[in-house]
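Visitor: Input structure: my_file.cif, which contains mmCIF, C-alpha atoms.
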```
data_start
loop_
_atom_site.group_PDB
_atom_site.id
_atom_site.type_symbol
_atom_site.label_atom_id
_atom_site.label_comp_id
_atom_site.auth_asym_id
_atom_site.auth_seq_id
_atom_site.Cartn_x
_atom_site.Cartn_y
_atom_site.Cartn_z
ATOM 1 C CA MET A 1 -34.420 91.027 2.206
ATOM 2 C CA SER A 2 -35.164 92.576 -1.152
ATOM 3 C CA LYS A 3 -32.914 92.052 -4.143
ATOM 4 C CA ASP A 4 -32.342 95.793 -4.373
ATOM 5 C CA LEU A 5 -31.183 96.054 -0.761
ATOM 6 C CA TYR A 6 -28.998 92.996 -1.172
ATOM 7 C CA GLN A 7 -27.400 94.431 -4.312
ATOM 8 C CA ARG A 8 -26.688 97.782 -2.599
ATOM 9 C CA MET A 9 -24.982 95.919 0.209
ATOM 10 C CA ARG A 10 -22.880 93.888 -2.232
ATOM 11 C CA ASP A 11 -21.900 97.025 -4.174
ATOM 12 C CA ASN A 12 -20.687 98.769 -1.027
ATOM 13 C CA PRO A 13 -16.850 98.812 -0.913
ATOM 14 C CA ARG A 14 -17.033 98.152 2.830
ATOM 15 C CA PHE A 15 -18.720 94.834 2.062
ATOM 16 C CA ASN A 16 -15.614 93.725 0.186
ATOM 17 C CA GLU A 17 -13.522 94.933 3.126
ATOM 18 C CA LEU A 18 -15.640 92.831 5.495
ATOM 19 C CA VAL A 19 -15.411 89.738 3.319
ATOM 20 C CA THR A 20 -11.654 90.157 2.874
ATOM 21 C CA LYS A 21 -10.944 90.662 6.582
ATOM 22 C CA ARG A 22 -13.165 87.802 7.656
ATOM 23 C CA SER A 23 -11.751 85.437 5.042
ATOM 24 C CA ARG A 24 -8.142 86.279 5.876
ATOM 25 C CA LEU A 25 -8.750 85.666 9.555
ATOM 26 C CA ALA A 26 -10.646 82.422 8.986
ATOM 27 C CA TRP A 27 -8.067 81.036 6.551
ATOM 28 C CA GLY A 28 -5.179 82.127 8.766
ATOM 29 C CA LEU A 29 -6.623 80.410 11.818
ATOM 30 C CA ALA A 30 -7.519 77.316 9.796
ATOM 31 C CA ILE A 31 -3.986 77.052 8.432
ATOM 32 C CA LEU A 32 -2.493 77.557 11.890
ATOM 33 C CA THR A 33 -4.750 74.814 13.267
ATOM 34 C CA LEU A 34 -3.777 72.429 10.486
ATOM 35 C CA VAL A 35 -0.080 73.140 10.978
ATOM 36 C CA ILE A 36 -0.362 72.445 14.704
ATOM 37 C CA TYR A 37 -2.355 69.241 14.282
ATOM 38 C CA TYR A 38 -0.274 67.869 11.409
ATOM 39 C CA THR A 39 2.959 68.678 13.227
ATOM 40 C CA TYR A 40 1.664 66.721 16.191
ATOM 41 C CA MET A 41 0.613 63.803 13.981
ATOM 42 C CA MET A 42 3.989 63.801 12.212
ATOM 43 C CA LEU A 43 5.685 63.731 15.594
ATOM 44 C CA VAL A 44 3.500 60.815 16.683
ATOM 45 C CA ALA A 45 4.179 58.956 13.444
ATOM 46 C CA PHE A 46 7.883 59.574 12.965
ATOM 47 C CA ASN A 47 9.334 60.293 16.414
ATOM 48 C CA PRO A 48 6.979 58.994 19.120
ATOM 49 C CA LYS A 49 9.817 58.672 21.641
ATOM 50 C CA VAL A 50 9.688 62.444 22.128
ATOM 51 C CA LEU A 51 6.112 62.243 23.376
ATOM 52 C CA HIS A 52 6.754 59.065 25.402
ATOM 53 C CA ALA A 53 9.464 60.728 27.475
ATOM 54 C CA THR A 54 8.471 61.379 31.060
ATOM 55 C CA LEU A 55 8.422 64.901 32.432
ATOM 56 C CA SER A 56 10.383 63.903 35.521
ATOM 57 C CA GLU A 57 12.612 60.968 36.252
ATOM 58 C CA GLY A 58 10.527 58.137 37.605
ATOM 59 C CA GLY A 59 7.331 60.051 36.880
ATOM 60 C CA MET A 60 4.282 58.742 35.090
ATOM 61 C CA LEU A 61 3.317 61.889 33.192
ATOM 62 C CA THR A 62 4.723 62.011 29.673
ATOM 63 C CA VAL A 63 5.508 64.953 27.425
ATOM 64 C CA GLY A 64 2.531 63.998 25.242
ATOM 65 C CA VAL A 65 0.001 65.002 27.905
ATOM 66 C CA PRO A 66 0.927 68.708 28.161
ATOM 67 C CA VAL A 67 1.459 68.860 24.403
ATOM 68 C CA GLY A 68 -2.065 67.515 23.856
ATOM 69 C CA ALA A 69 -3.443 69.925 26.455
ATOM 70 C CA PHE A 70 -1.651 72.790 24.691
ATOM 71 C CA ILE A 71 -3.249 71.819 21.373
ATOM 72 C CA ILE A 72 -6.696 71.831 22.968
ATOM 73 C CA PHE A 73 -6.037 75.154 24.704
ATOM 74 C CA ILE A 74 -4.661 76.887 21.594
ATOM 75 C CA THR A 75 -7.695 75.702 19.593
ATOM 76 C CA TRP A 76 -10.042 77.179 22.210
ATOM 77 C CA ALA A 77 -7.999 80.394 22.264
ATOM 78 C CA MET A 78 -8.161 80.729 18.475
ATOM 79 C CA THR A 79 -11.917 80.119 18.554
ATOM 80 C CA GLY A 80 -12.281 82.769 21.260
ATOM 81 C CA TYR A 81 -10.194 85.198 19.230
ATOM 82 C CA TYR A 82 -12.346 84.655 16.142
ATOM 83 C CA VAL A 83 -15.542 85.130 18.161
ATOM 84 C CA TRP A 84 -14.148 88.309 19.744
ATOM 85 C CA ARG A 85 -13.244 89.750 16.326
ATOM 86 C CA ALA A 86 -16.615 88.701 14.906
ATOM 87 C CA ASN A 87 -18.543 90.290 17.772
ATOM 88 C CA THR A 88 -16.615 93.555 17.675
ATOM 89 C CA GLU A 89 -15.094 94.435 14.337
ATOM 90 C CA PHE A 90 -17.108 92.297 11.923
ATOM 91 C CA ASP A 91 -20.515 92.923 13.486
ATOM 92 C CA SER A 92 -20.016 96.691 13.613
ATOM 93 C CA LEU A 93 -18.838 96.736 10.009
ATOM 94 C CA ASN A 94 -21.834 94.630 9.030
ATOM 95 C CA GLU A 95 -24.230 96.998 10.793
ATOM 96 C CA GLU A 96 -22.697 99.989 8.999
ATOM 97 C CA ILE A 97 -23.094 98.261 5.635
ATOM 98 C CA VAL A 98 -26.755 97.452 6.310
ATOM 99 C CA LYS A 99 -27.445 101.033 7.501
ATOM 100 C CA GLU A 100 -25.848 102.485 4.372
ATOM 101 C CA ALA A 101 -27.807 100.111 2.145
ATOM 102 C CA LYS A 102 -31.128 101.049 3.780
ATOM 103 C CA LYS A 103 -30.636 104.764 3.121
#
```
As structure tokens, how would this structure be written, given the file I've shared?
Guide:
Amino acid sequence: MSKDLYQRMRDNPRFNELVTKRSRLAWGLAILTLVIYYTYMMLVAFNPKVLHATLSEGGMLTVGVPVGAFIIFITWAMTGYYVWRANTEFDSLNEEIVKEAKK
């Protein structure tokens, strides 16, 4: 990619829009992930009895198992959401910026 083409892309106001949208989404999902994980770790550290409780009386399955499964699922869901946004909104915006810069 030539320096001139690169500079035209960077000067495009839509480029700043793309960077802003992508950064907000990435930081938002990262913060949400950290909040979920650190909340879980705080629960493990300071109140483990909550996670040790069984789901049913006399049962073997504890509350910690579905909570852990939820954390894994929500992480996959957030990854899927980011990929979906990247493949639709961000890619189309990127293509428009490149087309405008090549004119």
Visitor: I'd like the contact shell of Gly68 of chain A - 12 Å cut-off, only C-alpha atoms, skipping same-chain residues fewer than 5 positions apart - returned as a PyMOL selection string.
Guide: chain A and resi 36-37+39-41+43-44+51+62-63+73-75
Visitor: Residues within 8 Å of (-27.9, 94.8, 1.6), file coordinates, counting only C-alpha atoms: what are they? Give the list as an MDAnalysis selection string.
Guide: chainID A and resid 1 4:10 97:98 101:102
Visitor: I'd like the contact shell of Val83 of chain A - 12 Å cut-off, all atoms listed in the file, skipping same-chain residues fewer than 6 positions apart - returned as a list of chain:residue names.
Guide: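 Once the adjacent positions are removed, what remains is A:Arg22, A:Leu25, A:Ala26, A:Leu29, A:Trp76, A:Ala77, A:Glu89, A:Phe90, A:Asp91.
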Visitor: For each of A:Val67, A:Gly58, A:Lys3, A:Arg14, take the minimum atom-to-atom distance to Ser92 of chain A, counting all atoms listed in the file, then give the residue where this is smallest.
Guide: A:Arg14
Visitor: Check the smallest atom-to-atom distance from each of A:Lys103, A:Lys21, A:Ser2, A:Phe15 to Tyr82 of chain A using only C-alpha atoms, then report the winner.
Guide: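 Looking only at the distances to Tyr82 of chain A, the closest residue turns out to be A:Lys21.
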Visitor: For the atom pair atom CA of Arg24 of chain A and atom CA of Phe70 of chain A, what is the interatomic distance in Å to one decimal place?
Guide: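 Atom-to-atom, atom CA of Arg24 of chain A to atom CA of Phe70 of chain A, that is 24.0 Å.
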Visitor: Could you please determine the separation between atom CA of Met78 of chain A and atom CA of Val35 of chain A in Å, to one decimal place?
Guide: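 Computing it gives 13.4 Å between the two atoms.
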Visitor: Looking at A:Asn12, A:Ala69, A:Val50, A:Ala45, which one is nearest to Lys99 of chain A, with distances taken over all atoms listed in the file?
Guide: A:Asn12
Visitor: Distance atom CA of Glu95 of chain A-atom CA of Ala30 of chain A, one decimal place?
Guide: 25.8 Å
